[in-house]
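Here's the structure we're looking at; comments come further down.
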Amino acid sequence: MDPMTKLLLRAARGEAVPHVPVWFMRQAGRSLPEYHEVRAGIGMLDACRRPDLVCEITLQPVRRHKVDAAVLYSDIVVPLKAAGIDLDIVAGTGPVVAEPVRTMADVEAIGGLEPEAVGFVAESVRLLVAELGDTALIGFAGAPFTLASYLVEGGPSRHHAKTKALMYGAPDVWHALCSRLAQITRTFLQVQIEAGADAIQLFDSWAGALSEADYRRYVLPHSQAVLAGLGVPRIHFGVGTGELLPAMAEAGADVVGVDWRTPLDVAASRVPGKALQGNLDPCTLLAPWEVVATEARRVLAEGAKAPGHIFNLGHGVLPETDPDALTRLVDLVHTEG
């Protein structure tokens with residue numbers, strides 16, 4: 001199928017579509033019983049290295065929910081691990097780094113990413129492209145700031161205090177680290193694109209911890225270095241980034257992802273000319289269906305103010321979400337969007 005006719009890509013370009021396309025962040029896994037069945041006894045990073053398993057998990061929500069896009073089953077730390085950084089994903093905690101990065105010597109010890117080191121990702125994408133037909137495949141990566149925050153903090157952090165201390169106190173080290181991470185991230189995305197990914201999403205999950213001035217000074221140049229000229233539609237998403245949306249739009253995205261805190265019509269006024277993605281609160285799906293339907297219709301109405309709208313949640317699917325609620329939501333968006 002000609003990728004230019006896929007609904008998600010048409011919406012990303014602001015073209016007319018028969019219905020609003022819909023997919024969900026973290027749709028591959030989390031809430032699906034079939035996911036937990038195939039992943040039983042297999043660590044997250046090990047699962048990401050098995051193309052057969054990646055293909056199966058990525059396809060599960062497409063089969064069940066009939067979403068308009070599959071998102072590659074992977075993790076933002078996969079390229080860091082492949083570049084030689086000693087880390088693991090600890091259940092209940094998240095990524096944990098053995099030796100946090102705090103000095104220029106630590107930065108210089110980080111190797112580059114050779115495409116061959118993530119050959120398993122390319123193979124996964126090729127398998128998926130052969131299976132997906134007219135359903136778009138979204139590749140993804142973590143943005144330099146979010147990756148840097150894990151490396152500096154040593155794991156997840158609520159306040160990102162060590163990250164900001166390095167950013168403010170040793171800007172030369174900070175920019176060197178983010179420059180290295182931008183190179184790694186861009187290579188990781190290019191591997192996915194060259195293998196056949198139709199679009200990519202850059203997650204800057206923790207950028208909402210920053211002021212706009214700090215974002216522009218310490219983050220924007222590195223995200224621009226990742227996104228420049230990739231050749232496929234680019235989605236850029238962060239959490240708590242309502243005040244950063246104009247700056248994030250400047251990073252080079254075609255589609256700006258919006259979390260649930262900012263109404264899409266407000267976001268449209270902040271990033272005029274950009275397609276938007278979002279932004280139903282994931283917790284809404286734990287409420288009665290009447291509430292879900294009302295809120296979904298509100299999101300659709302607000303999203304209509306943008307040149308293009310891709311329906312999604314305002315962050316990832318919660319593990320306790322009833323999969324049937326997601327299936328029903330997809331049907332509503334397809335019918336009423």
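In the structure tokens, chains take letters A, B, ... by order of appearance, with residues numbered from 1 within each chain and ligands from 1 in the order shown.
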
Review point. Looking only at the backbone, which of the residues in region 252-291 of chain A does DSSP tag as strand (DSSP E), as number ranges by chain?
Key: A: 255-257, 275-280

Could you write out the selected residues, including N, CA and C atoms, as a short mmCIF file (atom, residue, chain, number, x, y, z; two decimals), in the first residue's frame?
```cif
data_model
loop_
_atom_site.label_atom_id
_atom_site.label_comp_id
_atom_site.auth_asym_id
_atom_site.auth_seq_id
_atom_site.Cartn_x
_atom_site.Cartn_y
_atom_site.Cartn_z
N VAL A 255 3.59 17.06 13.99
CA VAL A 255 2.45 16.88 14.88
C VAL A 255 2.92 17.12 16.30
N VAL A 256 2.19 17.95 17.04
CA VAL A 256 2.52 18.22 18.43
C VAL A 256 1.59 17.41 19.32
N GLY A 257 2.16 16.54 20.13
CA GLY A 257 1.38 15.78 21.09
C GLY A 257 1.05 16.63 22.30
N ALA A 275 -0.59 20.10 13.10
CA ALA A 275 -1.52 19.05 13.49
C ALA A 275 -1.28 18.71 14.96
N LEU A 276 -2.32 18.23 15.63
CA LEU A 276 -2.22 17.90 17.04
C LEU A 276 -2.56 16.43 17.27
N GLN A 277 -1.99 15.90 18.36
CA GLN A 277 -2.30 14.53 18.78
C GLN A 277 -2.74 14.56 20.24
N GLY A 278 -3.81 13.86 20.55
CA GLY A 278 -4.27 13.76 21.93
C GLY A 278 -5.78 13.75 22.00
N ASN A 279 -6.31 14.00 23.23
CA ASN A 279 -5.58 14.09 24.47
C ASN A 279 -6.47 13.72 25.65
N LEU A 280 -7.23 12.61 25.50
CA LEU A 280 -8.12 12.12 26.55
C LEU A 280 -7.31 11.68 27.76
#
```

Sorted per-residue table, region 119-224 of chain A near region 9-25 of chain A, closest atoms and distance, 10 Å, only C-alpha atoms, as a tab-separated table:
```
residue	atom	partner	partner_atom	distance
A:Ala136	CA	A:Leu9	CA	7.6
A:Ile138	CA	A:Trp23	CA	9.9
A:Asp198	CA	A:Leu9	CA	7.7
A:Ala199	CA	A:Leu9	CA	7.5
```

Okay, now the selection with N, CA and C atoms, as a PDB file, in the first residue's frame?
```pdb
ATOM      1  N   ALA A 136      -0.655   2.250   9.705  1.00  0.00           N
ATOM      2  CA  ALA A 136       0.656   2.891   9.821  1.00  0.00           C
ATOM      3  C   ALA A 136       1.454   2.293  10.975  1.00  0.00           C
ATOM      4  N   ILE A 138       4.348   3.335  13.690  1.00  0.00           N
ATOM      5  CA  ILE A 138       5.050   4.448  14.327  1.00  0.00           C
ATOM      6  C   ILE A 138       6.269   3.906  15.064  1.00  0.00           C
ATOM      7  N   ASP A 198       6.561   4.278   9.198  1.00  0.00           N
ATOM      8  CA  ASP A 198       5.854   5.321   8.455  1.00  0.00           C
ATOM      9  C   ASP A 198       5.968   6.689   9.106  1.00  0.00           C
ATOM     10  N   ALA A 199       6.123   6.711  10.417  1.00  0.00           N
ATOM     11  CA  ALA A 199       6.197   7.954  11.180  1.00  0.00           C
ATOM     12  C   ALA A 199       6.997   7.663  12.436  1.00  0.00           C
TER      13      ALA A 199
END
```

Review point. Which residue, A:Leu286, A:Thr135, A:Phe140, A:Val152, has the smallest gap to Pro323 (chain A) when you use only C-alpha atoms?
Key: A:Leu286

If we count only C-alpha atoms and set the cut-off at 9 Å, which residues sit around region 94-101 of chain A, ignoring sequence neighbours fewer than 6 positions away in its own chain? Please answer as an mmCIF file with N, CA, C and O atoms, in the first residue's frame.
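Dumped everything to out-v7.cif:
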```
data_model
loop_
_atom_site.group_PDB
_atom_site.id
_atom_site.type_symbol
_atom_site.label_atom_id
_atom_site.label_comp_id
_atom_site.auth_asym_id
_atom_site.auth_seq_id
_atom_site.Cartn_x
_atom_site.Cartn_y
_atom_site.Cartn_z
ATOM 1 N N VAL A 77 15.119 3.308 26.478
ATOM 2 C CA VAL A 77 16.515 3.049 26.868
ATOM 3 C C VAL A 77 17.179 1.992 25.996
ATOM 4 O O VAL A 77 18.379 1.719 26.168
ATOM 5 N N ILE A 85 25.784 1.397 27.531
ATOM 6 C CA ILE A 85 25.537 1.918 28.879
ATOM 7 C C ILE A 85 24.952 0.808 29.742
ATOM 8 O O ILE A 85 24.031 0.099 29.342
ATOM 9 N N ASP A 86 25.506 0.669 30.945
ATOM 10 C CA ASP A 86 25.085 -0.389 31.866
ATOM 11 C C ASP A 86 23.797 0.046 32.566
ATOM 12 O O ASP A 86 23.824 0.881 33.479
ATOM 13 N N LEU A 87 22.684 -0.506 32.133
ATOM 14 C CA LEU A 87 21.391 -0.174 32.732
ATOM 15 C C LEU A 87 20.460 -1.362 32.620
ATOM 16 O O LEU A 87 20.702 -2.296 31.861
ATOM 17 N N ASP A 88 19.382 -1.302 33.382
ATOM 18 C CA ASP A 88 18.364 -2.339 33.302
ATOM 19 C C ASP A 88 17.016 -1.706 33.605
ATOM 20 O O ASP A 88 16.939 -0.619 34.187
ATOM 21 N N VAL A 107 30.674 11.539 30.257
ATOM 22 C CA VAL A 107 30.083 11.755 28.937
ATOM 23 C C VAL A 107 30.969 11.159 27.851
ATOM 24 O O VAL A 107 30.493 10.475 26.933
ATOM 25 N N ALA A 148 18.785 12.037 29.176
ATOM 26 C CA ALA A 148 19.816 12.606 30.055
ATOM 27 C C ALA A 148 19.351 12.563 31.502
ATOM 28 O O ALA A 148 20.153 12.281 32.411
ATOM 29 N N TYR A 150 17.473 10.392 32.991
ATOM 30 C CA TYR A 150 17.677 9.048 33.528
ATOM 31 C C TYR A 150 19.154 8.790 33.820
ATOM 32 O O TYR A 150 19.512 8.215 34.854
ATOM 33 N N LEU A 151 20.007 9.209 32.900
ATOM 34 C CA LEU A 151 21.435 8.941 33.072
ATOM 35 C C LEU A 151 22.023 9.730 34.236
ATOM 36 O O LEU A 151 22.877 9.222 34.971
ATOM 37 N N VAL A 152 21.605 10.957 34.407
ATOM 38 C CA VAL A 152 22.157 11.794 35.476
ATOM 39 C C VAL A 152 21.591 11.392 36.833
ATOM 40 O O VAL A 152 22.327 11.286 37.825
ATOM 41 N N GLU A 153 20.288 11.167 36.892
ATOM 42 C CA GLU A 153 19.663 10.799 38.164
ATOM 43 C C GLU A 153 19.988 9.360 38.559
ATOM 44 O O GLU A 153 19.957 9.020 39.743
ATOM 45 N N GLY A 154 20.261 8.511 37.576
ATOM 46 C CA GLY A 154 20.474 7.095 37.853
ATOM 47 C C GLY A 154 19.204 6.279 37.774
ATOM 48 O O GLY A 154 19.220 5.061 37.933
ATOM 49 N N GLY A 155 18.079 6.955 37.522
ATOM 50 C CA GLY A 155 16.791 6.283 37.424
ATOM 51 C C GLY A 155 15.695 7.322 37.392
ATOM 52 O O GLY A 155 15.956 8.517 37.236
ATOM 53 N N PRO A 156 14.444 6.907 37.556
ATOM 54 C CA PRO A 156 13.339 7.867 37.555
ATOM 55 C C PRO A 156 13.477 8.864 38.697
ATOM 56 O O PRO A 156 14.037 8.551 39.755
ATOM 57 N N LEU A 177 26.675 16.069 26.851
ATOM 58 C CA LEU A 177 25.860 14.870 27.069
ATOM 59 C C LEU A 177 24.674 14.839 26.113
ATOM 60 O O LEU A 177 24.413 13.826 25.455
#
```

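The residue set within 7 Å of Leu189 (chain A), counting only C-alpha atoms and dropping same-chain residues fewer than 3 places from it, reads Phe140, Ala141, Thr185, Arg186, Gln192 and Ile193 of chain A.
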
Review point. Interatomic distance between CA of Pro79 (chain A) and CA of Glu116 (chain A)?
Key: 11.2 Å

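Each of A:Ala182, A:Leu285, A:Leu72, A:Leu210 was checked against Ala225 (chain A) using only C-alpha atoms; the smallest atom-to-atom distance is that of A:Ala182.
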
Practice item. Tell me which protein, DNA and RNA residues are within 12 Å of Gly242 (chain A), counting only C-alpha atoms, leaving out same-chain ones fewer than 3 positions away, and put them as an MDAnalysis selection string. Key: chainID A and resid 207:212 237:239 245:249 256:264 266:271 279 314

Review point. Can you list every residue in region 158-224 of chain A that DSSP puts in alpha helix (DSSP H), as a PyMOL selection string?
Key: chain A and resi 161-169+171-195+212-218+220-224

Can I get the selected residues back with C-alpha atoms, as a compact mmCIF listing (two decimals), in the first residue's frame?
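Output file part.txt is given in full below:
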```txt
# COMPACT_ATOMS: atom_id res chain seq x y z
CA ALA A 161 17.19 17.90 40.97
CA LYS A 162 20.51 16.33 39.94
CA THR A 163 19.64 16.86 36.29
CA LYS A 164 18.97 20.56 36.78
CA ALA A 165 22.02 20.97 38.98
CA LEU A 166 24.21 19.64 36.16
CA MET A 167 22.35 21.68 33.56
CA TYR A 168 22.81 24.94 35.49
CA GLY A 169 26.16 24.26 37.13
CA PRO A 171 26.44 23.62 31.03
CA ASP A 172 29.44 22.42 29.03
CA VAL A 173 28.99 18.91 30.41
CA TRP A 174 25.23 19.15 29.91
CA HIS A 175 25.43 20.16 26.26
CA ALA A 176 28.10 17.55 25.55
CA LEU A 177 25.86 14.87 27.07
CA CYS A 178 22.77 15.98 25.15
CA SER A 179 24.73 16.25 21.92
CA ARG A 180 25.92 12.65 22.32
CA LEU A 181 22.39 11.51 23.14
CA ALA A 182 20.98 13.37 20.13
CA GLN A 183 23.37 11.44 17.87
CA ILE A 184 22.34 8.13 19.45
CA THR A 185 18.65 8.97 19.22
CA ARG A 186 18.82 10.12 15.62
CA THR A 187 20.62 6.91 14.60
CA PHE A 188 18.00 4.85 16.43
CA LEU A 189 15.18 6.62 14.58
CA GLN A 190 16.93 6.39 11.22
CA VAL A 191 17.26 2.62 11.66
CA GLN A 192 13.50 2.39 12.16
CA ILE A 193 12.71 4.68 9.23
CA GLU A 194 15.06 2.89 6.83
CA ALA A 195 13.44 -0.43 7.80
CA GLU A 212 10.25 27.77 28.63
CA ALA A 213 13.48 29.77 28.91
CA ASP A 214 15.40 26.74 30.18
CA TYR A 215 13.84 24.53 27.52
CA ARG A 216 14.94 26.88 24.77
CA ARG A 217 18.45 27.19 26.16
CA TYR A 218 19.23 23.66 27.27
CA LEU A 220 15.56 22.78 22.07
CA PRO A 221 18.83 22.69 20.05
CA HIS A 222 19.30 19.01 20.81
CA SER A 223 15.75 18.01 19.95
CA GLN A 224 16.10 19.98 16.71
```

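As for CA of Val121 (chain A) and CA of Cys48 (chain A), they are spaced 7.9 Å apart.
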
Excluding same-chain residues fewer than 3 positions from Arg297 (chain A), what lies within 12 Å of it counting only C-alpha atoms, as a PDB file with N, CA and C atoms, in the first residue's frame?
```pdb
ATOM      1  N   VAL A  20     -11.270  10.656  11.973  1.00  0.00           N
ATOM      2  CA  VAL A  20     -10.065  10.973  12.743  1.00  0.00           C
ATOM      3  C   VAL A  20      -9.326   9.674  13.065  1.00  0.00           C
ATOM      4  N   ASN A 279      -6.314  14.005  23.231  1.00  0.00           N
ATOM      5  CA  ASN A 279      -5.576  14.090  24.473  1.00  0.00           C
ATOM      6  C   ASN A 279      -6.473  13.721  25.646  1.00  0.00           C
ATOM      7  N   LEU A 280      -7.232  12.607  25.496  1.00  0.00           N
ATOM      8  CA  LEU A 280      -8.118  12.124  26.547  1.00  0.00           C
ATOM      9  C   LEU A 280      -7.308  11.685  27.764  1.00  0.00           C
ATOM     10  N   GLU A 290     -20.451   6.193  29.765  1.00  0.00           N
ATOM     11  CA  GLU A 290     -21.088   7.466  29.429  1.00  0.00           C
ATOM     12  C   GLU A 290     -20.108   8.625  29.619  1.00  0.00           C
ATOM     13  N   VAL A 291     -19.274   8.535  30.640  1.00  0.00           N
ATOM     14  CA  VAL A 291     -18.266   9.568  30.894  1.00  0.00           C
ATOM     15  C   VAL A 291     -17.197   9.534  29.809  1.00  0.00           C
ATOM     16  N   VAL A 292     -16.742   8.330  29.475  1.00  0.00           N
ATOM     17  CA  VAL A 292     -15.723   8.187  28.429  1.00  0.00           C
ATOM     18  C   VAL A 292     -16.229   8.792  27.125  1.00  0.00           C
ATOM     19  N   ALA A 293     -17.463   8.466  26.753  1.00  0.00           N
ATOM     20  CA  ALA A 293     -18.019   8.944  25.488  1.00  0.00           C
ATOM     21  C   ALA A 293     -18.134  10.462  25.477  1.00  0.00           C
ATOM     22  N   THR A 294     -18.608  11.039  26.581  1.00  0.00           N
ATOM     23  CA  THR A 294     -18.742  12.493  26.657  1.00  0.00           C
ATOM     24  C   THR A 294     -17.396  13.180  26.515  1.00  0.00           C
ATOM     25  N   LEU A 300     -12.721  15.391  20.497  1.00  0.00           N
ATOM     26  CA  LEU A 300     -12.902  15.464  19.049  1.00  0.00           C
ATOM     27  C   LEU A 300     -13.305  16.871  18.616  1.00  0.00           C
ATOM     28  N   ALA A 301     -14.206  17.492  19.367  1.00  0.00           N
ATOM     29  CA  ALA A 301     -14.643  18.849  19.018  1.00  0.00           C
ATOM     30  C   ALA A 301     -13.497  19.847  19.133  1.00  0.00           C
ATOM     31  N   GLU A 302     -12.708  19.721  20.190  1.00  0.00           N
ATOM     32  CA  GLU A 302     -11.577  20.634  20.379  1.00  0.00           C
ATOM     33  C   GLU A 302     -10.493  20.375  19.333  1.00  0.00           C
ATOM     34  N   GLY A 303     -10.273  19.108  18.998  1.00  0.00           N
ATOM     35  CA  GLY A 303      -9.260  18.765  18.013  1.00  0.00           C
ATOM     36  C   GLY A 303      -9.591  19.253  16.622  1.00  0.00           C
ATOM     37  N   ALA A 304     -10.873  19.457  16.365  1.00  0.00           N
ATOM     38  CA  ALA A 304     -11.289  19.950  15.045  1.00  0.00           C
ATOM     39  C   ALA A 304     -10.793  21.364  14.773  1.00  0.00           C
ATOM     40  N   PHE A 311      -6.357  11.269  17.216  1.00  0.00           N
ATOM     41  CA  PHE A 311      -6.907  11.024  18.551  1.00  0.00           C
ATOM     42  C   PHE A 311      -5.980  10.079  19.305  1.00  0.00           C
ATOM     43  N   LEU A 329     -13.883   2.809  22.496  1.00  0.00           N
ATOM     44  CA  LEU A 329     -13.462   4.177  22.214  1.00  0.00           C
ATOM     45  C   LEU A 329     -13.016   4.321  20.763  1.00  0.00           C
ATOM     46  N   VAL A 330     -12.263   3.359  20.249  1.00  0.00           N
ATOM     47  CA  VAL A 330     -11.852   3.398  18.851  1.00  0.00           C
ATOM     48  C   VAL A 330     -13.069   3.447  17.944  1.00  0.00           C
ATOM     49  N   LEU A 332     -16.030   4.595  18.634  1.00  0.00           N
ATOM     50  CA  LEU A 332     -16.672   5.915  18.740  1.00  0.00           C
ATOM     51  C   LEU A 332     -15.935   6.937  17.895  1.00  0.00           C
ATOM     52  N   VAL A 333     -14.606   6.944  17.977  1.00  0.00           N
ATOM     53  CA  VAL A 333     -13.831   7.918  17.206  1.00  0.00           C
ATOM     54  C   VAL A 333     -14.026   7.700  15.709  1.00  0.00           C
ATOM     55  N   HIS A 334     -14.010   6.442  15.291  1.00  0.00           N
ATOM     56  CA  HIS A 334     -14.204   6.134  13.875  1.00  0.00           C
ATOM     57  C   HIS A 334     -15.593   6.526  13.389  1.00  0.00           C
ATOM     58  N   THR A 335     -16.591   6.387  14.265  1.00  0.00           N
ATOM     59  CA  THR A 335     -17.966   6.671  13.883  1.00  0.00           C
ATOM     60  C   THR A 335     -18.294   8.160  13.926  1.00  0.00           C
ATOM     61  N   GLU A 336     -17.749   8.850  14.927  1.00  0.00           N
ATOM     62  CA  GLU A 336     -18.150  10.238  15.167  1.00  0.00           C
ATOM     63  C   GLU A 336     -17.066  11.256  14.834  1.00  0.00           C
ATOM     64  N   GLY A 337     -15.818  10.792  14.662  1.00  0.00           N
ATOM     65  CA  GLY A 337     -14.721  11.730  14.407  1.00  0.00           C
ATOM     66  C   GLY A 337     -14.700  12.196  12.974  1.00  0.00           C
TER      67      GLY A 337
END
```

Practice item. Find the residues near Arg30 (chain A): any atom within 10 Å, counting only C-alpha atoms, skip ones fewer than 4 places away on the same chain, and give them as a ChimeraX atom specification. Key: /A:26,34-36,316-321,323

Include all heavy atoms and write out the residues we just selected as a short mmCIF file (atom, residue, chain, number, x, y, z; two decimals), in the first residue's frame.
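As written to disk, out.cif reads:
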```cif
data_model
loop_
_atom_site.label_atom_id
_atom_site.label_comp_id
_atom_site.auth_asym_id
_atom_site.auth_seq_id
_atom_site.Cartn_x
_atom_site.Cartn_y
_atom_site.Cartn_z
N ARG A 26 1.36 3.47 24.60
CA ARG A 26 1.44 2.26 25.43
C ARG A 26 0.28 1.31 25.14
O ARG A 26 -0.15 0.57 26.03
CB ARG A 26 1.50 2.61 26.92
CG ARG A 26 2.79 3.31 27.30
CD ARG A 26 2.81 3.64 28.78
NE ARG A 26 4.07 4.30 29.15
CZ ARG A 26 4.22 5.06 30.23
NH1 ARG A 26 3.20 5.27 31.04
NH2 ARG A 26 5.39 5.63 30.50
N GLU A 34 -3.35 -10.82 26.58
CA GLU A 34 -2.52 -11.59 25.65
C GLU A 34 -1.06 -11.13 25.69
O GLU A 34 -0.14 -11.91 25.44
CB GLU A 34 -3.08 -11.51 24.23
CG GLU A 34 -3.29 -10.12 23.66
CD GLU A 34 -4.68 -9.58 23.83
OE1 GLU A 34 -5.27 -9.77 24.92
OE2 GLU A 34 -5.21 -8.97 22.87
N TYR A 35 -0.85 -9.85 26.01
CA TYR A 35 0.52 -9.34 26.19
C TYR A 35 1.19 -9.99 27.39
O TYR A 35 2.32 -10.48 27.30
CB TYR A 35 0.49 -7.83 26.36
CG TYR A 35 1.78 -7.25 26.90
CD1 TYR A 35 2.92 -7.15 26.10
CD2 TYR A 35 1.86 -6.80 28.21
CE1 TYR A 35 4.10 -6.61 26.60
CE2 TYR A 35 3.04 -6.26 28.71
CZ TYR A 35 4.15 -6.17 27.91
OH TYR A 35 5.32 -5.64 28.40
N HIS A 36 0.51 -10.01 28.51
CA HIS A 36 1.09 -10.60 29.72
C HIS A 36 1.36 -12.09 29.53
O HIS A 36 2.32 -12.64 30.10
CB HIS A 36 0.18 -10.34 30.91
CG HIS A 36 0.08 -8.88 31.27
ND1 HIS A 36 1.12 -8.19 31.86
CD2 HIS A 36 -0.91 -7.97 31.09
CE1 HIS A 36 0.76 -6.93 32.05
NE2 HIS A 36 -0.45 -6.77 31.58
N GLY A 316 0.10 7.52 28.47
CA GLY A 316 -0.04 6.12 28.12
C GLY A 316 -1.23 5.43 28.76
O GLY A 316 -1.77 5.86 29.78
N VAL A 317 -1.64 4.32 28.14
CA VAL A 317 -2.69 3.47 28.69
C VAL A 317 -2.28 2.98 30.08
O VAL A 317 -1.16 2.48 30.27
CB VAL A 317 -2.94 2.26 27.76
CG1 VAL A 317 -3.93 1.28 28.39
CG2 VAL A 317 -3.43 2.72 26.39
N LEU A 318 -3.17 3.11 31.04
CA LEU A 318 -2.90 2.61 32.39
C LEU A 318 -3.06 1.10 32.42
O LEU A 318 -3.95 0.55 31.75
CB LEU A 318 -3.85 3.26 33.39
CG LEU A 318 -3.73 4.78 33.54
CD1 LEU A 318 -4.83 5.32 34.44
CD2 LEU A 318 -2.36 5.15 34.10
N PRO A 319 -2.24 0.40 33.21
CA PRO A 319 -2.31 -1.07 33.23
C PRO A 319 -3.67 -1.62 33.61
O PRO A 319 -4.07 -2.69 33.15
CB PRO A 319 -1.25 -1.45 34.27
CG PRO A 319 -0.32 -0.30 34.32
CD PRO A 319 -1.14 0.91 34.06
N GLU A 320 -4.41 -0.89 34.46
CA GLU A 320 -5.70 -1.40 34.92
C GLU A 320 -6.86 -1.09 33.98
O GLU A 320 -8.02 -1.39 34.29
CB GLU A 320 -6.00 -0.85 36.32
CG GLU A 320 -6.05 0.66 36.42
CD GLU A 320 -4.72 1.29 36.81
OE1 GLU A 320 -3.68 0.83 36.32
OE2 GLU A 320 -4.74 2.24 37.62
N THR A 321 -6.58 -0.53 32.82
CA THR A 321 -7.62 -0.20 31.85
C THR A 321 -8.28 -1.46 31.29
O THR A 321 -7.60 -2.41 30.93
CB THR A 321 -7.02 0.62 30.69
OG1 THR A 321 -6.38 1.78 31.23
CG2 THR A 321 -8.09 1.05 29.71
N PRO A 323 -9.52 -3.47 28.46
CA PRO A 323 -9.30 -3.41 27.01
C PRO A 323 -10.57 -3.17 26.21
O PRO A 323 -10.53 -2.53 25.15
CB PRO A 323 -8.69 -4.79 26.69
CG PRO A 323 -8.09 -5.25 27.97
CD PRO A 323 -8.97 -4.70 29.05
#
```
